[in-house]
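Below: one structure, written as structure tokens.
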Amino acid sequence: MDRTELSAWLRLLMTPGVGPLSARKLLAAFGSPQAVFDGSPAARRAVLTRDITALATPPEGLAEQLDLSWDWWQGETLAERAILSLADPRYPAALLEAADPPLLLFAEGDLRLLRTPAVAIVGSRHATTQGEENAHAFARVLSQAGVTVVSGLARGIDAAAHEGALSAVAEGGPPGGSTIAVLGTGLLQIYPKAHTALARRIGQHGLLLSEFLLDTPALRANFPKRNRIVAALSRGTLVVEAAVQSGSLITARLAAEMGREVLAIPGSIHAPQARGCHALIKQGAKLVETAQDVIEELRMDVVCARHPSELAQADHAHADADPVLAALGFDPVSQEALSARTGMGPAELGVRLLELELLGEVARLPGQLFQRVGRA
């Protein structure tokens, strides 16, 4: 689209009182945003059965947004940039199945990922070490198999999933396997700030996507909105860890409403982060233990799907060889209880736990609890 057409799309998007549903009705009737504004108030009123007077004049800030969007789109960058309207043939067809597909999508990175088989991986922002390990491992294997991993760039599970998919790209995986980050902010307002470098890597080796104007800051109401895009782009949504009341369960519900599959990784009955996953499983979500389970459940044709059985066997063998790991198990446990299981004194056990923690085999949890870190 040229600058004039972009201006018309931005004007429709920014006009007060025109939501996605009204905008789509107007577009269906008039054919284009410019035709909507060129039409008479009576013709628009016939479509909407009400008069939106704001359509008669450009909204405040339109000129500034047009300059910002055009300069961003046309500026020199290492990654491809695009502004996709509903009329653009590159607009993801899967997203059209959402109840309210965005009028515009701001994209930076590899647009081909919008046409690849994808799985959403979501979960708690306050993830356990084990949860992050699982998200990273599942995403890595899926990406190695040519599956695109979709998530929301949040702390915890989202970030671990993006990192796992990118690690497979760095290893030279098959084409198609990478990651899409759907933002709840504009692409010029990365949130959280700590993920700025991660977002830059995703833009270079995956795809950044947002329905919000480029300079839109982090607003609480926008993050649940982006969840519908995460769900719509994916054949299924995998929840790794989630509390009973969480944004991850919103994504899972939206996925189910769109007819997508919902999958969940079970956890300890003592872990608050596992209760959301257990609730989903009780409601009919597929319980999965490996990335291969995800691929088989979603009936995906993949390039080189791998079952991580060798990793699991090595992990179990290592646990059997170490008495502390063997006694620790995967549930959180206090040092006192572990001392009773192993017969080791507090000083000796404390030294060994520290060694295992430094090796990444054990995670220290709040409340002076310890948990073995398994290999997903």
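Residue numbering restarts at 1 for every chain of the structure tokens, chains are lettered A, B, ... in their displayed order, and ligands are numbered from 1 as they appear.
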
Write out as number ranges by chain the set of residues from range 84-277 of chain A that DSSP, computed on the backbone, places in alpha helix (DSSP H). A: 129-144, 157-170, 196-205, 222-232, 247-257, 275-277

Can you write out as a tab-separated table which residues of range 73-140 of chain A fall within 9 Å of range 219-240 of chain A, alongside each residue's closest atom pair and its distance in Å to one decimal, counting only C-alpha atoms and ordering rows by chain and ascending residue number?
residue	atom	partner	partner_atom	distance
A:Pro92	CA	A:Leu233	CA	7.6
A:Ala93	CA	A:Leu233	CA	8.6
A:Ala94	CA	A:Leu233	CA	5.6
A:Leu95	CA	A:Ala232	CA	5.3
A:Leu96	CA	A:Ala232	CA	8.3
A:Glu97	CA	A:Ala232	CA	7.0
A:Ala98	CA	A:Ala232	CA	6.1
A:Ala99	CA	A:Arg228	CA	8.7
A:Asp100	CA	A:Arg228	CA	8.9
A:Pro101	CA	A:Ile229	CA	8.0
A:Pro102	CA	A:Ile229	CA	8.9
A:Leu114	CA	A:Leu233	CA	7.6
A:Pro117	CA	A:Arg235	CA	7.0
A:Ala118	CA	A:Ser234	CA	4.7
A:Val119	CA	A:Ser234	CA	4.8
A:Ala120	CA	A:Thr237	CA	4.5
A:Ile121	CA	A:Leu238	CA	4.8
A:Val122	CA	A:Val239	CA	5.2
A:Gly123	CA	A:Val240	CA	5.3
A:Ser124	CA	A:Val240	CA	7.8
A:Gly131	CA	A:Val240	CA	6.4
A:Glu132	CA	A:Val240	CA	8.4
A:Asn134	CA	A:Val240	CA	7.3
A:Ala135	CA	A:Val240	CA	6.4

In range 129-162 of chain A, DSSP strand (DSSP E or B) residues written as a list in words: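 So, restricting range 129-162 of chain A to strand (DSSP E or B), we get Thr148, Val149, Val150 and Ser151 of chain A.
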
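For Ala35 in chain A, the residues within 10 Å (counting only C-alpha atoms, excluding itself and residues fewer than 5 positions away along the chain) are A:Ala8, A:Leu26, A:Leu27, A:Ala29, A:Phe30, A:Ser40.
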